[in-house]
>>> print(open('model-v8.cif').read())   # mmCIF, C-alpha atoms
data_start
#
loop_
_atom_site.group_PDB
_atom_site.id
_atom_site.type_symbol
_atom_site.label_atom_id
_atom_site.label_comp_id
_atom_site.auth_asym_id
_atom_site.auth_seq_id
_atom_site.Cartn_x
_atom_site.Cartn_y
_atom_site.Cartn_z
ATOM 1 C CA MET U 120 -92.790 -166.845 64.850
ATOM 2 C CA SER U 121 -94.693 -166.731 61.654
ATOM 3 C CA GLU U 122 -95.207 -169.979 59.768
ATOM 4 C CA ARG U 123 -94.722 -167.971 56.576
ATOM 5 C CA LEU U 124 -91.098 -167.149 57.393
ATOM 6 C CA ARG U 125 -88.173 -168.988 58.938
ATOM 7 C CA LEU U 126 -84.841 -167.693 60.219
ATOM 8 C CA PRO U 127 -82.931 -165.736 59.159
ATOM 9 C CA ALA U 128 -86.218 -163.934 58.343
ATOM 10 C CA LEU U 129 -89.096 -163.176 60.686
ATOM 11 C CA ASP U 130 -92.383 -161.339 60.866
ATOM 12 C CA SER U 131 -91.584 -158.419 63.180
ATOM 13 C CA ASP U 132 -95.193 -158.345 64.408
ATOM 14 C CA ALA U 133 -94.607 -161.791 65.947
ATOM 15 C CA VAL U 134 -91.887 -160.474 68.300
ATOM 16 C CA ALA U 135 -93.161 -159.827 71.837
ATOM 17 C CA GLU U 136 -93.523 -156.248 73.005
ATOM 18 C CA LEU U 137 -91.722 -155.332 76.208
ATOM 19 C CA ARG U 138 -93.413 -152.507 78.083
ATOM 20 C CA GLY U 139 -92.060 -150.286 80.802
ATOM 21 C CA SER U 140 -88.520 -149.489 81.798
ATOM 22 C CA GLY U 141 -85.627 -150.988 83.735
ATOM 23 C CA TYR U 142 -84.979 -147.689 85.508
ATOM 24 C CA PRO U 143 -85.652 -147.500 89.245
ATOM 25 C CA GLU U 144 -88.253 -145.069 90.550
ATOM 26 C CA PRO U 145 -88.599 -142.119 90.392
ATOM 27 C CA PHE U 146 -87.396 -142.471 86.778
ATOM 28 C CA LYS U 147 -89.370 -145.531 85.661
ATOM 29 C CA SER U 148 -92.779 -143.820 85.720
ATOM 30 C CA ARG U 149 -91.424 -140.868 83.692
ATOM 31 C CA MET U 150 -91.019 -143.057 80.588
ATOM 32 C CA GLY U 151 -94.789 -143.207 79.970
ATOM 33 C CA ASP U 152 -96.220 -145.418 77.240
ATOM 34 C CA ARG U 153 -93.200 -147.133 75.675
ATOM 35 C CA ALA U 154 -93.070 -150.584 74.078
ATOM 36 C CA LYS U 155 -89.996 -152.235 72.517
ATOM 37 C CA GLN U 156 -89.638 -155.242 70.281
ATOM 38 C CA LYS U 157 -86.114 -156.673 70.340
ATOM 39 C CA LEU U 158 -85.860 -157.605 66.674
ATOM 40 C CA GLY U 159 -82.090 -158.128 66.617
ATOM 41 C CA ALA U 160 -82.208 -160.488 69.594
ATOM 42 C CA ALA U 161 -85.054 -162.460 67.977
ATOM 43 C CA LEU U 162 -82.766 -162.963 64.971
ATOM 44 C CA GLY U 163 -79.819 -164.038 67.140
ATOM 45 C CA LEU U 164 -77.732 -160.893 66.602
ATOM 46 C CA ARG U 165 -75.080 -160.389 69.297
ATOM 47 C CA GLN U 166 -72.832 -157.528 68.163
ATOM 48 C CA PHE U 167 -75.546 -154.893 67.870
ATOM 49 C CA GLY U 168 -79.149 -154.490 68.912
ATOM 50 C CA VAL U 169 -82.126 -153.511 66.774
ATOM 51 C CA ASN U 170 -85.393 -152.530 68.442
ATOM 52 C CA ARG U 171 -88.701 -151.328 67.062
ATOM 53 C CA VAL U 172 -90.065 -148.844 69.587
ATOM 54 C CA ARG U 173 -93.611 -147.509 69.905
ATOM 55 C CA LEU U 174 -93.735 -144.321 71.935
ATOM 56 C CA GLY U 175 -97.168 -143.097 72.968
ATOM 57 C CA PRO U 176 -98.138 -139.474 73.563
ATOM 58 C CA GLY U 177 -96.190 -138.154 76.546
ATOM 59 C CA GLY U 178 -93.702 -141.036 76.352
ATOM 60 C CA GLN U 179 -89.910 -140.766 76.497
ATOM 61 C CA SER U 180 -87.333 -143.009 74.838
ATOM 62 C CA ALA U 181 -85.075 -142.887 77.897
ATOM 63 C CA LEU U 182 -83.668 -140.374 80.312
ATOM 64 C CA ARG U 183 -81.370 -137.938 78.510
ATOM 65 C CA HIS U 184 -78.081 -139.861 78.341
ATOM 66 C CA TRP U 185 -74.888 -140.609 76.449
ATOM 67 C CA HIS U 186 -72.653 -143.697 76.164
ATOM 68 C CA SER U 187 -68.903 -143.969 76.600
ATOM 69 C CA ARG U 188 -68.383 -146.868 74.155
ATOM 70 C CA GLU U 189 -71.679 -147.612 72.449
ATOM 71 C CA GLU U 190 -73.044 -145.902 69.370
ATOM 72 C CA GLU U 191 -76.740 -145.447 68.680
ATOM 73 C CA PHE U 192 -78.829 -144.704 65.604
ATOM 74 C CA VAL U 193 -82.573 -144.019 65.352
ATOM 75 C CA TYR U 194 -84.811 -143.887 62.271
ATOM 76 C CA LEU U 195 -88.335 -142.530 62.635
ATOM 77 C CA LEU U 196 -90.911 -144.664 60.804
ATOM 78 C CA GLU U 197 -94.169 -143.002 61.907
ATOM 79 C CA GLY U 198 -95.233 -139.928 63.816
ATOM 80 C CA GLU U 199 -93.246 -137.052 65.230
ATOM 81 C CA LEU U 200 -90.745 -136.870 68.100
ATOM 82 C CA VAL U 201 -88.740 -134.128 69.758
ATOM 83 C CA LEU U 202 -85.004 -134.838 69.926
ATOM 84 C CA ARG U 203 -83.423 -133.228 73.008
ATOM 85 C CA THR U 204 -79.621 -132.791 73.059
ATOM 86 C CA ASP U 205 -77.144 -130.419 74.683
ATOM 87 C CA ALA U 206 -77.689 -128.065 71.716
ATOM 88 C CA GLY U 207 -81.440 -127.833 72.364
ATOM 89 C CA GLU U 208 -84.512 -129.374 70.763
ATOM 90 C CA GLN U 209 -85.519 -130.249 67.219
ATOM 91 C CA THR U 210 -88.475 -132.097 65.717
ATOM 92 C CA LEU U 211 -88.009 -135.402 63.886
ATOM 93 C CA ARG U 212 -90.654 -136.657 61.452
ATOM 94 C CA ALA U 213 -91.089 -139.945 59.575
ATOM 95 C CA GLY U 214 -88.014 -140.513 57.412
ATOM 96 C CA ASP U 215 -85.697 -138.506 59.680
ATOM 97 C CA CYS U 216 -82.836 -140.140 61.551
ATOM 98 C CA ALA U 217 -80.285 -139.286 64.238
ATOM 99 C CA GLY U 218 -76.983 -140.816 65.308
ATOM 100 C CA TYR U 219 -75.055 -140.629 68.543
ATOM 101 C CA PRO U 220 -71.302 -141.411 68.406
ATOM 102 C CA ALA U 221 -69.717 -143.164 71.372
ATOM 103 C CA GLY U 222 -68.039 -140.871 73.875
ATOM 104 C CA SER U 223 -69.531 -137.658 72.469
ATOM 105 C CA GLY U 224 -70.681 -136.424 75.872
ATOM 106 C CA ASP U 225 -73.843 -135.052 74.202
ATOM 107 C CA GLY U 226 -76.862 -136.315 76.119
ATOM 108 C CA HIS U 227 -79.832 -137.264 73.931
ATOM 109 C CA GLN U 228 -83.461 -138.238 74.388
ATOM 110 C CA LEU U 229 -86.626 -138.590 72.291
ATOM 111 C CA VAL U 230 -89.947 -137.260 73.633
ATOM 112 C CA ASN U 231 -93.406 -137.688 72.120
ATOM 113 C CA ARG U 232 -95.196 -134.372 72.623
ATOM 114 C CA GLY U 233 -97.799 -135.190 69.968
ATOM 115 C CA THR U 234 -101.221 -136.837 70.155
ATOM 116 C CA THR U 235 -100.415 -140.017 68.187
ATOM 117 C CA VAL U 236 -98.067 -142.972 68.659
ATOM 118 C CA ALA U 237 -94.611 -142.581 67.100
ATOM 119 C CA VAL U 238 -92.703 -145.644 65.839
ATOM 120 C CA TYR U 239 -88.951 -145.790 65.292
ATOM 121 C CA LEU U 240 -86.074 -148.214 64.902
ATOM 122 C CA GLU U 241 -83.185 -147.928 67.323
ATOM 123 C CA VAL U 242 -79.875 -149.603 66.528
ATOM 124 C CA GLY U 243 -76.961 -149.746 68.926
ATOM 125 C CA THR U 244 -73.653 -151.475 69.396
ATOM 126 C CA ARG U 245 -73.142 -153.726 72.395
ATOM 127 C CA ASN U 246 -69.969 -153.055 74.338
ATOM 128 C CA PRO U 247 -69.518 -154.755 77.712
ATOM 129 C CA GLN U 248 -67.209 -151.939 78.915
ATOM 130 C CA ASP U 249 -69.774 -149.230 78.145
ATOM 131 C CA GLU U 250 -70.758 -146.646 80.732
ATOM 132 C CA CYS U 251 -73.937 -144.602 80.444
ATOM 133 C CA PHE U 252 -74.149 -141.058 81.797
ATOM 134 C CA TYR U 253 -77.294 -139.091 82.716
ATOM 135 C CA PRO U 254 -76.471 -135.366 82.842
ATOM 136 C CA ASP U 255 -79.922 -134.277 84.109
ATOM 137 C CA ASP U 256 -80.567 -136.991 86.708
ATOM 138 C CA ASP U 257 -78.959 -138.562 89.780
ATOM 139 C CA LEU U 258 -78.427 -141.937 88.117
ATOM 140 C CA LEU U 259 -75.476 -144.137 87.209
ATOM 141 C CA LEU U 260 -75.924 -147.579 85.666
ATOM 142 C CA ASP U 261 -73.176 -150.072 86.493
ATOM 143 C CA TYR U 262 -73.020 -152.862 83.897
ATOM 144 C CA ARG U 263 -71.569 -155.993 85.495
ATOM 145 C CA GLN U 264 -70.549 -158.945 83.370
ATOM 146 C CA GLN U 265 -71.047 -162.511 84.548
ATOM 147 C CA VAL U 266 -70.244 -165.773 82.806
ATOM 148 C CA GLY U 267 -73.105 -168.258 83.010
ATOM 149 C CA ARG U 268 -72.867 -172.033 83.409
ATOM 150 C CA ASP U 269 -73.238 -172.416 79.660
ATOM 151 C CA GLY U 270 -70.229 -170.129 79.087
ATOM 152 C CA ASP U 271 -72.318 -167.267 77.731
ATOM 153 C CA THR U 272 -71.633 -163.830 79.143
ATOM 154 C CA GLN U 273 -74.612 -162.281 80.902
ATOM 155 C CA GLN U 274 -74.929 -158.650 81.854
ATOM 156 C CA GLU U 275 -76.434 -157.427 85.104
ATOM 157 C CA THR U 276 -77.302 -153.760 85.426
ATOM 158 C CA VAL U 277 -77.152 -152.123 88.847
ATOM 159 C CA ALA U 278 -78.750 -148.692 89.347
ATOM 160 C CA LEU U 279 -76.793 -146.331 91.597
ATOM 161 C CA HIS U 280 -76.961 -142.730 92.703
ATOM 162 C CA LYS U 281 -74.038 -140.712 91.306
ATOM 163 C CA ASP U 282 -72.362 -140.888 94.759
ATOM 164 C CA GLY U 283 -72.402 -144.724 94.530
ATOM 165 C CA ARG U 284 -75.370 -145.487 96.810
ATOM 166 C CA PRO U 285 -77.714 -148.117 95.364
ATOM 167 C CA TYR U 286 -81.339 -147.354 94.581
#
>>> encode(input="model-v8.cif", output="structure tokens")
Amino acid sequence: MSERLRLPALDSDAVAELRGSGYPEPFKSRMGDRAKQKLGAALGLRQFGVNRVRLGPGGQSALRHWHSREEEFVYLLEGELVLRTDAGEQTLRAGDCAGYPAGSGDGHQLVNRGTTVAVYLEVGTRNPQDECFYPDDDLLLDYRQQVGRDGDTQQETVALHKDGRPY
């Protein structure tokens, strides 16, 4: 944390970058150059997440997906990204935003087809009963809730094939 600021404020550049993906192979390597900073978690937020994401050329935000109970919002800060949905593709530029209502059934994904890094904020609700669907890929994520010794609820994510076999 920055010595200049103290909670509830923080210098976002001081938040660690998390690289890579939690997807199993063969999906993990498809994400390319992607780094997230969990800003909301660094501030102690529990009801929704806020991430600053840097997506390098050729990178993907995620597999094309949709959520049953979680809503998502993205705001492009720098660069250019292609938004892929069931309706097709469109280009987002700095200042553009997109929102994905829970249960819409419309799979979405951001892809960096440019030559420079794109930076965006992603905001999403946190619902322990959420299910995530991947219309283009043989993947199902099972979110399992566990209560830790300290009483806090922890979430474990298990990657399965759509027929229920584990990866």
>>> closest_atom_pairs(input="model-v8.cif", of="stretch 142-232 of chain U", to="stretch 125-136 of chain U", cutoff="12 Å", atoms="all atoms listed in the file", output="JSON lines")
{"residue": "U:Asp152", "atom": "CA", "partner": "U:Glu136", "partner_atom": "CA", "distance": 11.9}
{"residue": "U:Arg153", "atom": "CA", "partner": "U:Glu136", "partner_atom": "CA", "distance": 9.5}
{"residue": "U:Ala154", "atom": "CA", "partner": "U:Glu136", "partner_atom": "CA", "distance": 5.8}
{"residue": "U:Lys155", "atom": "CA", "partner": "U:Glu136", "partner_atom": "CA", "distance": 5.4}
{"residue": "U:Gln156", "atom": "CA", "partner": "U:Glu136", "partner_atom": "CA", "distance": 4.9}
{"residue": "U:Lys157", "atom": "CA", "partner": "U:Val134", "partner_atom": "CA", "distance": 7.2}
{"residue": "U:Leu158", "atom": "CA", "partner": "U:Ser131", "partner_atom": "CA", "distance": 6.8}
{"residue": "U:Gly159", "atom": "CA", "partner": "U:Ser131", "partner_atom": "CA", "distance": 10.1}
{"residue": "U:Ala160", "atom": "CA", "partner": "U:Val134", "partner_atom": "CA", "distance": 9.8}
{"residue": "U:Ala161", "atom": "CA", "partner": "U:Val134", "partner_atom": "CA", "distance": 7.1}
{"residue": "U:Leu162", "atom": "CA", "partner": "U:Pro127", "partner_atom": "CA", "distance": 6.4}
{"residue": "U:Gly163", "atom": "CA", "partner": "U:Pro127", "partner_atom": "CA", "distance": 8.7}
{"residue": "U:Leu164", "atom": "CA", "partner": "U:Pro127", "partner_atom": "CA", "distance": 10.3}
{"residue": "U:Val169", "atom": "CA", "partner": "U:Ser131", "partner_atom": "CA", "distance": 11.2}
{"residue": "U:Asn170", "atom": "CA", "partner": "U:Ser131", "partner_atom": "CA", "distance": 10.0}
{"residue": "U:Arg171", "atom": "CA", "partner": "U:Ser131", "partner_atom": "CA", "distance": 8.6}
{"residue": "U:Val172", "atom": "CA", "partner": "U:Glu136", "partner_atom": "CA", "distance": 8.9}
{"residue": "U:Arg173", "atom": "CA", "partner": "U:Glu136", "partner_atom": "CA", "distance": 9.3}
{"residue": "U:Leu174", "atom": "CA", "partner": "U:Glu136", "partner_atom": "CA", "distance": 12.0}
>>> residues_around(input="model-v8.cif", residues="stretch 232-248 of chain U", least_positions_apart="3", cutoff="7 Å", atoms="all atoms listed in the file", output="JSON, numbers by chain")
{"U": [166, 167, 168, 169, 170, 171, 172, 173, 174, 175, 176, 177, 188, 189, 190, 191, 192, 193, 194, 195, 196, 197, 198, 199, 200]}
>>> write_last_selection(input="model-v8.cif", atoms="C-alpha atoms", output="mmCIF file, in the coordinates of the input")
data_model
loop_
_atom_site.group_PDB
_atom_site.id
_atom_site.type_symbol
_atom_site.label_atom_id
_atom_site.label_comp_id
_atom_site.auth_asym_id
_atom_site.auth_seq_id
_atom_site.Cartn_x
_atom_site.Cartn_y
_atom_site.Cartn_z
ATOM 1 C CA GLN U 166 -72.832 -157.528 68.163
ATOM 2 C CA PHE U 167 -75.546 -154.893 67.870
ATOM 3 C CA GLY U 168 -79.149 -154.490 68.912
ATOM 4 C CA VAL U 169 -82.126 -153.511 66.774
ATOM 5 C CA ASN U 170 -85.393 -152.530 68.442
ATOM 6 C CA ARG U 171 -88.701 -151.328 67.062
ATOM 7 C CA VAL U 172 -90.065 -148.844 69.587
ATOM 8 C CA ARG U 173 -93.611 -147.509 69.905
ATOM 9 C CA LEU U 174 -93.735 -144.321 71.935
ATOM 10 C CA GLY U 175 -97.168 -143.097 72.968
ATOM 11 C CA PRO U 176 -98.138 -139.474 73.563
ATOM 12 C CA GLY U 177 -96.190 -138.154 76.546
ATOM 13 C CA ARG U 188 -68.383 -146.868 74.155
ATOM 14 C CA GLU U 189 -71.679 -147.612 72.449
ATOM 15 C CA GLU U 190 -73.044 -145.902 69.370
ATOM 16 C CA GLU U 191 -76.740 -145.447 68.680
ATOM 17 C CA PHE U 192 -78.829 -144.704 65.604
ATOM 18 C CA VAL U 193 -82.573 -144.019 65.352
ATOM 19 C CA TYR U 194 -84.811 -143.887 62.271
ATOM 20 C CA LEU U 195 -88.335 -142.530 62.635
ATOM 21 C CA LEU U 196 -90.911 -144.664 60.804
ATOM 22 C CA GLU U 197 -94.169 -143.002 61.907
ATOM 23 C CA GLY U 198 -95.233 -139.928 63.816
ATOM 24 C CA GLU U 199 -93.246 -137.052 65.230
ATOM 25 C CA LEU U 200 -90.745 -136.870 68.100
#
>>> residues_around(input="model-v8.cif", residues="U:Pro143", least_positions_apart="5", cutoff="9 Å", atoms="all atoms listed in the file", output="mmCIF file with C-alpha atoms, keeping the file's coordinate frame")
data_model
loop_
_atom_site.group_PDB
_atom_site.id
_atom_site.type_symbol
_atom_site.label_atom_id
_atom_site.label_comp_id
_atom_site.auth_asym_id
_atom_site.auth_seq_id
_atom_site.Cartn_x
_atom_site.Cartn_y
_atom_site.Cartn_z
ATOM 1 C CA SER U 148 -92.779 -143.820 85.720
ATOM 2 C CA ALA U 278 -78.750 -148.692 89.347
ATOM 3 C CA TYR U 286 -81.339 -147.354 94.581
#
>>> resolve_selection(input="model-v8.cif", expression="the PyMOL selection byres ((chain U and resi 228) around 7)", output="JSON, numbers by chain")
{"U": [180, 181, 182, 183, 184, 202, 203, 204, 227, 229, 230]}
>>> atom_distance(input="model-v8.cif", atom1="atom CA of U:Pro145", atom2="atom CA of U:Gly178")
15.0 Å
>>> resolve_selection(input="model-v8.cif", expression="the PyMOL selection byres ((chain U and resi 277) around 9)", output="short mmCIF file (atom, residue, chain, number, x, y, z; two decimals) with C-alpha atoms, in the frame of the given file")
data_model
loop_
_atom_site.label_atom_id
_atom_site.label_comp_id
_atom_site.auth_asym_id
_atom_site.auth_seq_id
_atom_site.Cartn_x
_atom_site.Cartn_y
_atom_site.Cartn_z
CA LEU U 259 -75.48 -144.14 87.21
CA LEU U 260 -75.92 -147.58 85.67
CA ASP U 261 -73.18 -150.07 86.49
CA TYR U 262 -73.02 -152.86 83.90
CA ARG U 263 -71.57 -155.99 85.50
CA GLU U 275 -76.43 -157.43 85.10
CA THR U 276 -77.30 -153.76 85.43
CA ALA U 278 -78.75 -148.69 89.35
CA LEU U 279 -76.79 -146.33 91.60
CA PRO U 285 -77.71 -148.12 95.36
CA TYR U 286 -81.34 -147.35 94.58
#
>>> atom_distance(input="model-v8.cif", atom1="atom CA of U:Leu137", atom2="atom CA of U:Asp205")
28.9 Å
>>> closest_residue(input="model-v8.cif", among="U:Glu250, U:Asp255, U:Asp282, U:Glu122", to="U:Ser187", atoms="all atoms listed in the file")
U:Glu250
>>> atom_distance(input="model-v8.cif", atom1="atom CA of U:Asp249", atom2="atom CA of U:Gly222")
9.5 Å
>>> closest_residue(input="model-v8.cif", among="U:Gly207, U:Leu258, U:His186, U:Tyr142", to="U:Gly224", atoms="all atoms listed in the file")
U:His186
